[in-house]
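Everything below concerns the one structure shown next.
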Amino acid sequence: MMLQDRTSGQVEWKVSNQPVPYGIAVEWMDTRIAQIKSGTAPEVVWLLEHPPMYTAGTSSNVKDLIDPDRFPVFKTQRGGQYTYHGPGQRIIYVMLDVAKRGHDIRKFIKDLENWIIDTLAEFNVAGEVRKGRVGVWIQRPDLPFSSQGIVVEQKIAAIGIRLRKWVSYHGISINLDPNLNHFSGIIPCGIDGFGITSFADLGRQTTFKDLDLALRKTFNQTF
């Protein structure tokens, strides 16, 4: 696992150039959280990919795991339900001290949502949030209307975090160009009846490098 270290103010940025096995990522986050809390390491945003897999959050329901033998399934401590991770998807693990940001979990999650929306806007992609539907959504007027005659909405980014002693971990996934068929083995985030999209699916040919630069720019605006 090769990491490039960069620092922006008090927040360190790490980029992994090869897919990181999930167990290794969780172990690294556990160690770093303890270091952040003890003051021996700075906060960090870690940008990476994972090999193909499903993860089950603390609210997951086994009925939402449609194809349990398709990919490895990992139980995770993050909030939320089932999601897919794999190549072509940018994982953003966010280890930040929420205590020094006001002890406000709802505001912190809202800031994460706004960070994603602002990042998408850098590529002229209009992301939106919906009450009762976690994540960031894209309206698709280019697709046939739903059976109810309304514009189809598809998810482009998921959020699932946990706090340990007010330090966040886990985080965000944004779909650049993953195999969207891989999401069919689960009901993503327990939300049925809505699809999944990506930059590529929207006709945006975006690189990880370009997305990472936008994430860093908009992070400084938000946090």
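Residues in the structure tokens are named by chain (A, B, ... in the order shown) and by number from 1 within that chain; ligands are numbered from 1 in the order shown.
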| field | Contact residues around Asp64 (chain A) with only C-alpha atoms at 10 Å, ignoring same-chain residues under 4 positions, as a list in words | value |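 Selected residues are Ala56, Ser60, Pro68, Gln81, Tyr82, Thr83, Gly185, Ile186, Ile187, Pro188, Cys189, Gly190, Ile191 and Asp192 of chain A.
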| field | Spatial neighbours of Val167 (chain A), 7 Å, only C-alpha atoms, chain gap at least 3 places, as a list in words | value |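 These residues fall inside the cut-off: Ile33, Met95, Leu96, Asp97, Val98, Leu163 and Arg164 of chain A.
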| Just asking: which residues within region 37-106 of chain A are strand (DSSP E) according to DSSP, as a list in words? | Glu43, Val44, Val45, Trp46, Leu47, Leu48, Met53, Tyr54, Thr55, Ala56, Val73, Phe74, Lys75, Tyr82, Thr83, Tyr84, His85, Gln89, Arg90, Ile91, Ile92, Tyr93, Val94 and Met95 of chain A
Any chance you can output those residues with N, CA and C atoms as a tab-separated table (two decimals), in the first residue's frame?
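So part.tsv came out as:
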```tsv
chain	number	residue	atom	x	y	z
A	43	GLU	N	-5.42	15.29	12.11
A	43	GLU	CA	-6.59	14.78	11.41
A	43	GLU	C	-6.18	14.41	9.98
A	44	VAL	N	-6.97	13.55	9.36
A	44	VAL	CA	-6.57	13.07	8.03
A	44	VAL	C	-7.78	12.79	7.16
A	45	VAL	N	-7.63	13.06	5.88
A	45	VAL	CA	-8.58	12.63	4.86
A	45	VAL	C	-7.82	11.65	3.96
A	46	TRP	N	-8.36	10.43	3.84
A	46	TRP	CA	-7.68	9.36	3.11
A	46	TRP	C	-8.49	9.02	1.86
A	47	LEU	N	-7.86	9.16	0.70
A	47	LEU	CA	-8.49	8.90	-0.59
A	47	LEU	C	-7.97	7.57	-1.14
A	48	LEU	N	-8.89	6.65	-1.47
A	48	LEU	CA	-8.48	5.31	-1.86
A	48	LEU	C	-9.56	4.63	-2.67
A	53	MET	N	-16.50	-5.46	-3.13
A	53	MET	CA	-17.02	-6.03	-1.87
A	53	MET	C	-18.30	-5.32	-1.50
A	54	TYR	N	-19.03	-5.93	-0.58
A	54	TYR	CA	-20.18	-5.30	0.06
A	54	TYR	C	-19.84	-5.07	1.52
A	55	THR	N	-20.31	-3.96	2.08
A	55	THR	CA	-20.17	-3.73	3.51
A	55	THR	C	-21.55	-3.55	4.13
A	56	ALA	N	-21.69	-4.06	5.35
A	56	ALA	CA	-22.96	-4.00	6.07
A	56	ALA	C	-22.82	-3.07	7.26
A	73	VAL	N	-18.38	-10.04	1.93
A	73	VAL	CA	-19.26	-9.15	2.69
A	73	VAL	C	-18.60	-8.88	4.04
A	74	PHE	N	-18.45	-7.62	4.38
A	74	PHE	CA	-17.81	-7.22	5.63
A	74	PHE	C	-18.80	-6.49	6.51
A	75	LYS	N	-18.90	-6.92	7.75
A	75	LYS	CA	-19.64	-6.14	8.74
A	75	LYS	C	-18.77	-4.98	9.16
A	82	TYR	N	-26.42	-1.66	3.72
A	82	TYR	CA	-25.48	-2.27	2.78
A	82	TYR	C	-25.07	-1.28	1.69
A	83	THR	N	-23.79	-1.37	1.31
A	83	THR	CA	-23.32	-0.62	0.16
A	83	THR	C	-22.26	-1.44	-0.55
A	84	TYR	N	-21.94	-1.00	-1.75
A	84	TYR	CA	-20.90	-1.66	-2.56
A	84	TYR	C	-19.69	-0.75	-2.66
A	85	HIS	N	-18.50	-1.35	-2.61
A	85	HIS	CA	-17.26	-0.64	-2.91
A	85	HIS	C	-16.49	-1.44	-3.94
A	89	GLN	N	-14.50	3.65	-7.93
A	89	GLN	CA	-15.24	4.41	-6.92
A	89	GLN	C	-14.22	5.05	-5.97
A	90	ARG	N	-14.34	6.36	-5.76
A	90	ARG	CA	-13.44	7.04	-4.82
A	90	ARG	C	-14.00	6.93	-3.42
A	91	ILE	N	-13.22	6.29	-2.55
A	91	ILE	CA	-13.53	6.21	-1.13
A	91	ILE	C	-12.83	7.36	-0.43
A	92	ILE	N	-13.54	8.02	0.45
A	92	ILE	CA	-12.99	9.17	1.18
A	92	ILE	C	-13.21	8.91	2.66
A	93	TYR	N	-12.18	8.43	3.33
A	93	TYR	CA	-12.27	8.20	4.77
A	93	TYR	C	-11.86	9.47	5.50
A	94	VAL	N	-12.75	9.92	6.35
A	94	VAL	CA	-12.63	11.25	6.97
A	94	VAL	C	-12.45	11.07	8.47
A	95	MET	N	-11.24	11.31	8.94
A	95	MET	CA	-10.94	11.21	10.37
A	95	MET	C	-10.69	12.61	10.92
```
| query | What does the distance between CA of Arg216 (chain A) and CA of Ile116 (chain A) come to in Å, to one decimal place? | reply |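 Pair CA of Arg216 (chain A) / CA of Ile116 (chain A) returns 10.9 Å.
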| said: Let me make sure I understand: among A:Thr206, A:Arg133, A:Phe123, A:Asn181, which one has the smallest atom-to-atom distance to Arg70 (chain A) if we use only C-alpha atoms? | reply: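 Result for the nearest residue to Arg70 (chain A): A:Asn181.
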| request: Just list the residues in region 8-179 of chain A DSSP gives helix (DSSP H, G or I) on the backbone, as an NGL selection string. | output: :A and (22-38 or 62-64 or 99-101 or 105-121)
| message | Can you tell me which residues surround region 136-151 of chain A at a distance of at most 12 Å, considering only C-alpha atoms, apart from same-chain residues fewer than 2 positions away, and format the answer as a PyMOL selection string? | response | chain A and resi 109-110+112-121+124-134+153-160+172-175+193-199+201-203
| In Å to one decimal, how far is CA of Pro21 (chain A) from CA of Pro72 (chain A)? |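 Distance between the two atoms: 10.9 Å.
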